[in-house]
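Novice: Got entry.csv for you, CSV, C-alpha atoms and all ligand atoms:
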```csv
chain,number,residue,atom,x,y,z
A,235,MET,CA,0.0,0.0,0.0
A,236,GLY,CA,1.4,3.4,-1.0
A,237,PRO,CA,1.9,6.3,1.3
A,238,ALA,CA,-1.0,8.2,-0.3
A,239,GLN,CA,-3.4,5.3,0.6
A,240,ALA,CA,-1.9,5.0,4.1
A,241,GLY,CA,-2.5,8.6,4.7
A,242,LYS,CA,-6.3,8.1,4.2
A,243,ILE,CA,-6.7,5.5,6.8
A,244,PRO,CA,-7.0,7.7,9.9
A,245,VAL,CA,-9.8,9.7,8.1
A,246,ARG,CA,-11.7,6.5,7.3
A,247,LEU,CA,-11.2,5.2,10.8
A,248,PHE,CA,-12.4,8.4,12.2
A,249,LEU,CA,-15.5,8.3,10.0
A,250,LEU,CA,-16.2,4.7,11.0
A,251,LEU,CA,-16.0,5.6,14.7
A,252,VAL,CA,-18.3,8.5,14.2
A,253,LEU,CA,-20.8,6.3,12.4
A,254,LEU,CA,-20.5,3.6,15.1
A,255,CYS,CA,-21.2,6.1,17.8
A,256,VAL,CA,-24.2,7.5,15.8
A,257,SER,CA,-25.7,4.1,15.2
A,258,ALA,CA,-25.1,3.0,18.8
A,259,SER,CA,-26.9,6.0,20.3
A,260,GLU,CA,-29.6,6.2,17.6
A,261,PRO,CA,-30.7,2.8,16.3
A,262,ILE,CA,-32.6,4.1,13.2
A,263,ARG,CA,-32.6,1.9,10.1
A,264,THR,CA,-30.1,3.7,7.9
A,265,GLY,CA,-28.2,2.2,4.9
A,266,ILE,CA,-25.5,1.3,7.3
A,267,GLY,CA,-27.8,-0.7,9.6
A,268,ASP,CA,-29.2,-2.6,6.5
A,269,ARG,CA,-25.6,-3.4,5.4
A,270,SER,CA,-24.7,-5.0,8.6
A,271,ASP,CA,-27.8,-7.3,8.2
A,272,ILE,CA,-26.5,-8.4,4.8
A,273,LEU,CA,-23.0,-9.1,6.2
A,274,SER,CA,-24.5,-11.4,8.9
A,275,GLU,CA,-26.6,-13.3,6.3
A,276,GLU,CA,-26.4,-17.1,6.0
A,277,PRO,CA,-24.9,-18.6,2.8
A,278,ILE,CA,-28.4,-20.1,2.2
A,279,THR,CA,-31.4,-17.7,1.8
A,280,PRO,CA,-35.1,-18.5,2.3
A,281,ILE,CA,-37.3,-19.1,-0.7
A,282,GLU,CA,-39.7,-16.2,-1.4
A,283,ALA,CA,-43.3,-17.1,-2.3
A,284,GLU,CA,-44.3,-16.1,-5.9
A,285,PRO,CA,-46.5,-13.0,-5.6
A,286,ARG,CA,-50.1,-13.9,-6.6
A,287,PRO,CA,-49.6,-16.4,-9.5
A,288,ASP,CA,-52.1,-16.4,-12.4
A,289,THR,CA,-53.9,-19.6,-11.5
A,290,ASP,CA,-55.7,-20.0,-14.8
A,291,LYS,CA,-52.3,-19.9,-16.6
A,292,THR,CA,-50.5,-22.2,-14.1
A,293,ALA,CA,-53.4,-24.7,-14.3
A,294,LEU,CA,-53.2,-24.7,-18.1
A,295,GLY,CA,-49.4,-25.2,-17.8
A,296,GLU,CA,-49.9,-28.0,-15.4
A,297,ARG,CA,-52.2,-29.8,-17.9
A,298,LEU,CA,-49.7,-29.4,-20.7
A,299,PHE,CA,-46.9,-30.7,-18.4
A,300,HIS,CA,-48.8,-33.9,-17.8
A,301,ASP,CA,-50.1,-34.4,-21.4
A,302,VAL,CA,-48.5,-37.1,-23.5
A,303,ARG,CA,-49.8,-35.4,-26.7
A,304,LEU,CA,-46.9,-33.0,-26.3
A,305,SER,CA,-44.7,-35.9,-27.6
A,306,GLY,CA,-44.5,-37.0,-31.2
A,307,GLY,CA,-45.5,-40.6,-30.3
A,308,ASN,CA,-48.2,-39.6,-27.8
A,309,ASP,CA,-46.4,-41.7,-25.2
A,310,VAL,CA,-44.3,-39.3,-23.0
A,311,SER,CA,-45.2,-36.2,-21.1
A,312,CYS,CA,-42.9,-33.9,-19.2
A,313,ALA,CA,-44.1,-35.6,-16.0
A,314,SER,CA,-42.8,-39.0,-17.2
A,315,CYS,CA,-39.3,-37.8,-16.3
A,316,HIS,CA,-40.3,-35.1,-13.9
A,317,GLN,CA,-42.7,-36.8,-11.6
A,318,LEU,CA,-44.0,-34.4,-9.0
A,319,ALA,CA,-44.9,-37.1,-6.5
A,320,LEU,CA,-41.3,-38.4,-6.7
A,321,GLY,CA,-39.7,-35.0,-5.9
A,322,GLY,CA,-39.8,-33.7,-9.5
A,323,ASP,CA,-37.5,-36.3,-11.2
A,324,ASP,CA,-37.8,-39.9,-12.3
A,325,GLY,CA,-35.7,-41.6,-9.5
A,326,LEU,CA,-33.3,-43.1,-12.1
A,327,ASP,CA,-29.5,-42.8,-12.3
A,328,ARG,CA,-29.9,-41.9,-16.0
A,329,SER,CA,-33.2,-41.0,-17.6
A,330,LEU,CA,-34.6,-43.2,-20.4
A,331,SER,CA,-35.5,-41.9,-23.8
A,332,PRO,CA,-39.0,-42.9,-25.1
A,333,SER,CA,-37.3,-45.7,-27.0
A,334,GLY,CA,-35.8,-47.0,-23.8
A,335,THR,CA,-32.1,-46.1,-24.2
A,336,ALA,CA,-30.3,-44.4,-21.3
A,337,LEU,CA,-29.8,-40.7,-21.8
A,338,GLU,CA,-26.5,-39.0,-21.1
A,339,PHE,CA,-27.9,-37.2,-18.0
A,340,ASN,CA,-30.3,-37.9,-15.2
A,341,SER,CA,-33.3,-35.6,-14.8
A,342,PRO,CA,-33.0,-32.7,-12.3
A,343,THR,CA,-35.9,-31.9,-10.2
A,344,VAL,CA,-38.3,-29.2,-11.5
A,345,PHE,CA,-39.1,-28.0,-8.0
A,346,ASN,CA,-37.6,-24.6,-7.4
A,347,VAL,CA,-36.2,-24.7,-10.9
A,348,SER,CA,-36.8,-21.0,-11.5
A,349,LEU,CA,-34.1,-20.3,-8.9
A,350,ASN,CA,-31.4,-21.8,-11.0
A,351,PHE,CA,-29.3,-19.2,-12.9
A,352,ARG,CA,-28.7,-21.6,-15.8
A,353,LEU,CA,-30.5,-24.8,-16.8
A,354,ASN,CA,-29.3,-28.3,-17.5
A,355,TRP,CA,-26.2,-29.8,-16.1
A,356,ARG,CA,-24.0,-28.0,-18.7
A,357,GLY,CA,-25.9,-24.8,-18.1
A,358,ASN,CA,-26.6,-24.5,-21.8
A,359,PHE,CA,-30.0,-22.7,-21.4
A,360,ARG,CA,-30.9,-19.5,-19.5
A,361,THR,CA,-34.7,-19.5,-19.7
A,362,LEU,CA,-37.3,-22.1,-19.1
A,363,GLU,CA,-38.9,-21.2,-22.4
A,364,GLU,CA,-35.7,-21.9,-24.4
A,365,GLN,CA,-35.0,-25.1,-22.5
A,366,ASN,CA,-38.6,-26.4,-22.8
A,367,GLU,CA,-38.7,-25.8,-26.5
A,368,ALA,CA,-35.5,-27.7,-27.0
A,369,VAL,CA,-36.9,-30.6,-25.0
A,370,LEU,CA,-40.1,-30.6,-27.1
A,371,LEU,CA,-38.2,-30.7,-30.4
A,372,ASP,CA,-35.4,-33.0,-29.3
A,373,HIS,CA,-35.7,-36.4,-31.1
A,374,THR,CA,-34.5,-38.4,-28.1
A,375,LEU,CA,-37.0,-36.6,-25.7
A,376,MET,CA,-40.4,-35.3,-26.8
A,377,ASN,CA,-39.7,-35.6,-30.5
A,378,THR,CA,-42.5,-33.3,-31.7
A,379,SER,CA,-42.7,-30.1,-33.9
A,380,TRP,CA,-44.9,-27.0,-33.7
A,381,GLN,CA,-46.7,-28.0,-36.9
A,382,GLU,CA,-47.6,-31.3,-35.4
A,383,LEU,CA,-48.4,-30.2,-31.8
A,384,LEU,CA,-50.5,-27.0,-32.3
A,385,PRO,CA,-53.3,-28.6,-34.4
A,386,LYS,CA,-53.5,-31.5,-31.8
A,387,LEU,CA,-54.0,-29.0,-29.0
A,388,ASN,CA,-56.4,-26.8,-30.9
A,389,ALA,CA,-58.6,-29.8,-31.7
A,390,ASP,CA,-59.2,-30.3,-28.0
A,391,ALA,CA,-62.2,-28.1,-27.0
A,392,ASP,CA,-61.0,-27.7,-23.4
A,393,TYR,CA,-57.6,-26.5,-24.5
A,394,ALA,CA,-59.1,-24.1,-27.1
A,395,ARG,CA,-61.3,-22.6,-24.4
A,396,ARG,CA,-58.5,-22.3,-21.8
A,397,PHE,CA,-56.0,-20.7,-24.3
A,398,ALA,CA,-58.7,-18.3,-25.4
A,399,ARG,CA,-59.4,-17.3,-21.8
A,400,VAL,CA,-55.7,-16.8,-20.8
A,401,TYR,CA,-54.1,-15.7,-24.1
A,402,GLY,CA,-57.1,-14.4,-26.1
A,403,GLY,CA,-56.6,-16.9,-29.0
A,404,PRO,CA,-55.8,-20.4,-30.1
A,405,PRO,CA,-52.6,-22.1,-28.8
A,406,ASP,CA,-49.4,-21.0,-30.5
A,407,ARG,CA,-45.7,-21.5,-29.8
A,408,ALA,CA,-45.4,-18.5,-27.5
A,409,SER,CA,-48.5,-19.3,-25.4
A,410,VAL,CA,-47.7,-23.0,-25.0
A,411,LEU,CA,-44.1,-22.1,-23.8
A,412,ASP,CA,-45.4,-19.3,-21.5
A,413,ALA,CA,-48.0,-21.6,-19.9
A,414,LEU,CA,-45.5,-24.4,-19.3
A,415,ALA,CA,-42.9,-22.0,-17.9
A,416,ALA,CA,-45.5,-20.3,-15.6
A,417,PHE,CA,-46.4,-23.7,-14.2
A,418,GLN,CA,-42.8,-24.6,-13.5
A,419,ARG,CA,-42.2,-21.2,-11.9
A,420,SER,CA,-45.1,-21.9,-9.6
A,421,LEU,CA,-43.2,-25.1,-8.3
A,422,THR,CA,-41.4,-23.3,-5.6
A,423,THR,CA,-41.5,-24.5,-2.0
A,424,PRO,CA,-41.5,-21.5,0.2
A,425,ASN,CA,-42.1,-21.6,4.0
A,426,ALA,CA,-40.5,-25.0,4.6
A,427,ARG,CA,-39.4,-25.4,8.2
A,428,PHE,CA,-35.8,-24.6,7.0
A,429,ASP,CA,-37.0,-21.4,5.4
A,430,ARG,CA,-38.7,-20.4,8.7
A,431,TYR,CA,-35.5,-21.2,10.5
A,432,LEU,CA,-33.5,-19.0,8.1
A,433,ARG,CA,-36.0,-16.2,8.9
A,434,GLY,CA,-35.1,-16.4,12.6
A,435,GLU,CA,-37.7,-18.9,13.9
A,436,HIS,CA,-35.1,-21.0,15.8
A,437,ALA,CA,-37.6,-23.7,17.0
A,438,ALA,CA,-38.7,-24.5,13.4
A,439,ILE,CA,-36.0,-27.2,13.0
A,440,THR,CA,-34.7,-29.7,15.6
A,441,ALA,CA,-31.5,-29.2,17.6
A,442,GLU,CA,-30.0,-32.1,15.6
A,443,GLU,CA,-30.9,-30.5,12.3
A,444,ALA,CA,-29.5,-27.1,13.4
A,445,ARG,CA,-26.3,-28.9,14.3
A,446,GLY,CA,-26.2,-30.6,10.9
A,447,PHE,CA,-26.6,-27.1,9.3
A,448,GLU,CA,-23.7,-25.8,11.3
A,449,LEU,CA,-21.5,-28.8,10.2
A,450,PHE,CA,-22.6,-28.3,6.6
A,451,LYS,CA,-21.3,-24.8,6.8
A,452,SER,CA,-18.2,-25.6,8.8
A,453,TYR,CA,-17.2,-28.4,6.4
A,454,GLY,CA,-17.4,-26.0,3.5
A,455,CYS,CA,-20.4,-27.7,1.8
A,456,SER,CA,-22.0,-24.3,1.4
A,457,ALA,CA,-19.0,-23.1,-0.7
A,458,CYS,CA,-20.9,-24.9,-3.5
A,459,HIS,CA,-24.3,-25.6,-2.1
A,460,GLN,CA,-25.5,-22.1,-1.4
A,461,GLY,CA,-28.1,-19.5,-2.3
A,462,ALA,CA,-31.9,-20.0,-2.1
A,463,ASN,CA,-31.7,-23.4,-3.9
A,464,VAL,CA,-28.8,-24.7,-1.8
A,465,GLY,CA,-26.8,-25.1,-5.0
A,466,GLY,CA,-27.4,-24.8,-8.8
A,467,ASN,CA,-26.0,-21.3,-8.8
A,468,LEU,CA,-22.4,-22.0,-9.9
A,469,PHE,CA,-20.4,-24.4,-12.0
A,470,GLN,CA,-17.8,-26.9,-10.6
A,471,ARG,CA,-15.0,-28.5,-12.6
A,472,PHE,CA,-14.9,-32.3,-12.6
A,473,GLY,CA,-11.9,-34.6,-12.8
A,474,ILE,CA,-9.3,-32.6,-10.8
A,475,PHE,CA,-8.0,-35.8,-9.2
A,476,ALA,CA,-9.4,-38.5,-11.6
A,477,ASP,CA,-11.6,-38.5,-14.7
A,478,PRO,CA,-15.1,-39.3,-13.3
A,479,PHE,CA,-16.4,-39.9,-16.8
A,480,ALA,CA,-13.5,-42.2,-18.0
A,481,GLU,CA,-16.0,-44.8,-19.3
A,482,GLY,CA,-17.7,-42.4,-21.6
A,483,GLY,CA,-19.1,-38.9,-21.8
A,484,GLY,CA,-16.8,-35.9,-21.6
A,485,LEU,CA,-18.4,-33.5,-19.1
A,486,GLU,CA,-15.8,-31.2,-17.7
A,487,ALA,CA,-18.0,-29.1,-15.5
A,488,SER,CA,-21.4,-29.3,-14.0
A,489,ARG,CA,-23.6,-27.0,-12.0
A,490,SER,CA,-23.5,-27.9,-8.4
A,491,ARG,CA,-26.6,-29.8,-7.6
A,492,PRO,CA,-29.4,-28.0,-5.7
A,493,LEU,CA,-30.0,-29.8,-2.4
A,494,ARG,CA,-33.5,-28.4,-1.7
A,495,ASP,CA,-35.9,-31.3,-1.5
A,496,HIS,CA,-33.0,-33.7,-1.7
A,497,GLY,CA,-34.6,-36.0,0.8
A,498,ALA,CA,-37.7,-36.4,-1.4
A,499,ARG,CA,-35.5,-37.8,-4.2
A,500,LYS,CA,-34.3,-41.4,-4.4
A,501,ARG,CA,-31.8,-41.2,-7.2
A,502,PRO,CA,-28.1,-41.8,-6.5
A,503,THR,CA,-25.7,-39.1,-7.5
A,504,ARG,CA,-23.6,-39.8,-10.6
A,505,VAL,CA,-20.2,-38.7,-9.2
A,506,PRO,CA,-19.0,-37.7,-5.8
A,507,CYS,CA,-18.8,-34.0,-4.9
A,508,PRO,CA,-15.6,-32.4,-6.0
A,509,GLU,CA,-13.1,-31.6,-3.2
A,510,PRO,CA,-13.6,-28.1,-1.9
B,1,LIG,C1,-37.2,-38.6,-21.3
B,1,LIG,C2,-37.1,-37.8,-20.1
B,1,LIG,C3,-37.4,-36.4,-20.0
B,1,LIG,C4,-38.6,-35.8,-20.5
B,1,LIG,C5,-39.8,-36.4,-21.3
B,1,LIG,C6,-38.5,-34.4,-20.2
B,1,LIG,N1,-37.3,-34.1,-19.5
B,1,LIG,FE1,-36.8,-32.4,-18.7
B,1,LIG,N2,-34.9,-33.2,-18.3
B,1,LIG,C7,-34.5,-34.5,-18.5
B,1,LIG,C8,-33.1,-34.6,-18.4
B,1,LIG,C9,-32.3,-35.9,-18.6
B,1,LIG,C10,-32.6,-33.3,-18.1
B,1,LIG,C11,-31.2,-32.9,-17.9
B,1,LIG,C12,-30.6,-32.6,-19.3
B,1,LIG,C13,-29.2,-32.0,-19.3
B,1,LIG,O1,-28.7,-31.6,-18.3
B,1,LIG,O2,-28.7,-31.8,-20.5
B,1,LIG,C14,-33.8,-32.4,-18.0
B,1,LIG,C15,-33.8,-31.1,-17.7
B,1,LIG,C16,-34.9,-30.3,-17.5
B,1,LIG,C17,-34.9,-29.0,-17.0
B,1,LIG,C18,-33.7,-28.2,-16.4
B,1,LIG,C19,-33.7,-28.3,-14.9
B,1,LIG,C20,-32.5,-27.8,-14.3
B,1,LIG,O3,-32.4,-27.6,-13.0
B,1,LIG,O4,-31.5,-27.5,-15.0
B,1,LIG,C21,-36.2,-28.5,-17.1
B,1,LIG,C22,-36.7,-27.2,-16.6
B,1,LIG,C23,-37.0,-29.5,-17.7
B,1,LIG,N3,-36.2,-30.6,-18.0
B,1,LIG,C24,-38.3,-29.4,-18.0
B,1,LIG,C25,-39.0,-30.3,-18.8
B,1,LIG,C26,-40.3,-30.1,-19.5
B,1,LIG,C27,-41.1,-28.8,-19.3
B,1,LIG,C28,-40.6,-31.2,-20.2
B,1,LIG,C29,-41.7,-31.4,-21.1
B,1,LIG,C30,-41.9,-30.4,-22.2
B,1,LIG,C31,-39.5,-32.1,-20.0
B,1,LIG,N4,-38.5,-31.6,-19.2
B,1,LIG,C32,-39.5,-33.4,-20.5
B,1,LIG,C33,-35.4,-35.5,-18.9
B,1,LIG,C34,-36.7,-35.3,-19.4
B,2,LIG,C1,-16.5,-28.0,-4.7
B,2,LIG,C2,-18.0,-27.9,-4.8
B,2,LIG,C3,-18.8,-28.8,-3.8
B,2,LIG,C4,-18.6,-29.0,-2.5
B,2,LIG,C5,-17.6,-28.3,-1.5
B,2,LIG,C6,-19.6,-29.9,-2.1
B,2,LIG,N1,-20.4,-30.3,-3.1
B,2,LIG,FE1,-22.0,-31.5,-3.1
B,2,LIG,N2,-22.1,-31.5,-5.1
B,2,LIG,C7,-21.3,-30.7,-5.9
B,2,LIG,C8,-21.6,-31.0,-7.3
B,2,LIG,C9,-21.0,-30.3,-8.6
B,2,LIG,C10,-22.7,-32.0,-7.3
B,2,LIG,C11,-23.3,-32.6,-8.5
B,2,LIG,C12,-22.6,-33.9,-8.9
B,2,LIG,C13,-23.6,-34.9,-9.3
B,2,LIG,O1,-24.6,-35.0,-8.7
B,2,LIG,O2,-23.2,-35.7,-10.2
B,2,LIG,C14,-22.9,-32.3,-5.9
B,2,LIG,C15,-23.8,-33.2,-5.4
B,2,LIG,C16,-24.2,-33.4,-4.1
B,2,LIG,C17,-25.2,-34.3,-3.6
B,2,LIG,C18,-26.1,-35.2,-4.5
B,2,LIG,C19,-27.4,-34.5,-4.7
B,2,LIG,C20,-28.4,-35.3,-5.5
B,2,LIG,O3,-29.5,-34.9,-5.6
B,2,LIG,O4,-28.0,-36.4,-6.0
B,2,LIG,C21,-25.2,-34.2,-2.2
B,2,LIG,C22,-26.2,-34.9,-1.3
B,2,LIG,C23,-24.2,-33.3,-1.9
B,2,LIG,N3,-23.6,-32.8,-3.0
B,2,LIG,C24,-23.9,-32.9,-0.6
B,2,LIG,C25,-22.7,-32.3,-0.2
B,2,LIG,C26,-22.2,-32.1,1.2
B,2,LIG,C27,-22.9,-32.7,2.4
B,2,LIG,C28,-21.1,-31.4,1.1
B,2,LIG,C29,-20.1,-31.1,2.3
B,2,LIG,C30,-19.6,-32.2,3.1
B,2,LIG,C31,-20.8,-31.1,-0.3
B,2,LIG,N4,-21.9,-31.6,-1.0
B,2,LIG,C32,-19.8,-30.3,-0.7
B,2,LIG,C33,-20.4,-29.7,-5.5
B,2,LIG,C34,-19.9,-29.6,-4.2
```
As structure tokens, what does this structure read like?
Specialist:
Amino acid sequence: MGPAQAGKIPVRLFLLLVLLCVSASEPIRTGIGDRSDILSEEPITPIEAEPRPDTDKTALGERLFHDVRLSGGNDVSCASCHQLALGGDDGLDRSLSPSGTALEFNSPTVFNVSLNFRLNWRGNFRTLEEQNEAVLLDHTLMNTSWQELLPKLNADADYARRFARVYGGPPDRASVLDALAAFQRSLTTPNARFDRYLRGEHAAITAEEARGFELFKSYGCSACHQGANVGGNLFQRFGIFADPFAEGGGLEASRSRPLRDHGARKRPTRVPCPEP
């Protein structure tokens, strides 16, 4: 540090002392008080409830999500691989394509998916609409096309009525993707016991669970499993010590896995966590 910078320190220190004295004698909520709240924040933040979701739209999206007519062979729906009763995935180590072959990846949960900054394990999509369209058109997944899908939906009187009510017209590419995304955005899990604990309600989790959370932080798990979704918000490099995909594949990095709702899922993880 140069002499010019060193000369500024006493001034800063003086200002800090003045500010401390002011805030000690007068505990009003100033910008400084708010900043100290942020500094004491946990690495994991509670999930916020979506403000007043459009229920007609999410119900329409929910029907689409469960409808096998969204696939070319009328045999697979989004819910085939993202089963809401199983925690939002399929419980398999690797998901199966409609023809029965193992896919390269396993299906992530769709619960709290709107909290992930990038989608898919390689993070190759940024929005649910882009990701969902790719799934619909992918030959190994839903294997459909808009030319094939839209007339199928429009021929269904219930869909025609619902699309007219929510979007003012027959189903089109934008409204189908919007309804699907709205439904997935509604799949957040606010106000879990853990969220209440994070908001300061200490009795919301057991003493053993609170101890586990302390260990989780002290072992450094929260270096990668952090934010509202307890992960899914950064990428981690694989294969620093050994190639975890030596038998095939070639994935170099993956998003850290969100651990929200982990207990609800029964699927083994594909590779162990990277060393912190
Ligand atoms: C055949 C199984 C299968 C079907 C059917 C399927 N998915 Fe997926 N889904 C997957 C797999 C596998 C991944 C991970 C892909 C990757 O990482 O490249 C995935 C990833 C996702 C993700 C990203 C989640 C995240 O956290 O990154 C979303 C969102 C999603 N699917 C929604 C849908 C929707 C909506 C449909 C229906 C239009 C659908 N899926 C149909 C297997 C499936
Ligand atoms: C250096 C980053 C990093 C650290 C530190 C880390 N993890 Fe992970 N963790 C990951 C990544 C990346 C994955 C996804 C790998 C996979 O599932 O194939 C993962 C996956 C998991 C899974 C599997 C989740 C599932 O749904 O299958 C669990 C459980 C887990 N981590 C718990 C922990 C615990 C507990 C700690 C601390 C002892 C920890 N992790 C430390 C990056 C990390």
Novice: Can you pull out every residue with an atom within 7 Å of ligand LIG 1 (chain B)? Use only C-alpha atoms and all ligand atoms and format it as number ranges by chain.
Specialist: A: 299, 304, 310-316, 328-332, 337, 339-344, 347, 350, 352-357, 362, 365-366, 369-370, 375-376, 414
Novice: With distances taken over all atoms listed in the file, which residue among A:Ala336, A:Ile439, A:Ala444, A:Leu298 lies nearest A:Phe417?
Specialist: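 Looking only at the distances to A:Phe417, the closest residue turns out to be A:Leu298.
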Novice: From the list A:Arg297, A:Arg491, A:Arg445, A:Lys451, which residue is nearest ligand LIG 2 (chain B) when using all atoms listed in the file?
Specialist: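 Looking only at the distances to ligand LIG 2 (chain B), the closest residue turns out to be A:Arg491.
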Novice: So, with all atoms listed in the file as the atoms that count, which of A:Glu367, A:Asp406, A:Asp392, A:Asp324 lies closest to ligand LIG 2 (chain B)?
Specialist: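 Among A:Glu367, A:Asp406, A:Asp392, A:Asp324, it is A:Asp324 that comes nearest to ligand LIG 2 (chain B).
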Novice: Please measure the separation of atom O3 of ligand LIG 2 (chain B) and atom CA of A:Pro492, giving the value in Å to one decimal.
Specialist: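 One can read the atom O3 of ligand LIG 2 (chain B) to atom CA of A:Pro492 distance as 6.9 Å.
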Novice: Rank A:Tyr401, A:Trp380, A:Phe428, A:Phe345 by their smallest atom-to-atom distance to A:Phe447, using only C-alpha atoms, and report the top residue only.
Specialist: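 Closest to A:Phe447, using only C-alpha atoms: A:Phe428.
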Novice: May I have the residues within 9 Å of A:Glu284 as number ranges by chain, using all atoms listed in the file and disregarding those fewer than 5 positions away in the same chain?
Specialist: A: 419-420, 422, 424
Novice: Go through A:Pro285, A:Pro404, A:Gly434, A:Gly465 one by one, measure the shortest atom-to-atom distance of each to ligand LIG 2 (chain B) using only C-alpha atoms and all ligand atoms, and give the residue with the smallest value.
Specialist: A:Gly465
Novice: Quick check, in Å to one decimal: how far apart do atom C15 of ligand LIG 2 (chain B) and atom CA of A:Glu435 lie?
Specialist: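 Atom C15 of ligand LIG 2 (chain B) sits 27.8 Å away from atom CA of A:Glu435.
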Novice: Between A:Ser409, A:Asn358, A:Gln470, A:Asn346, which one has atoms that come closest to ligand LIG 2 (chain B), using all atoms listed in the file?
Specialist: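 Ranked by minimum distance to ligand LIG 2 (chain B), first place goes to A:Gln470.
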Novice: Rounded to one decimal in Å, what is the spacing between atom CA of A:Pro277 and atom CA of A:Gly325?
Specialist: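 Going from atom CA of A:Pro277 over to atom CA of A:Gly325 covers 28.2 Å.
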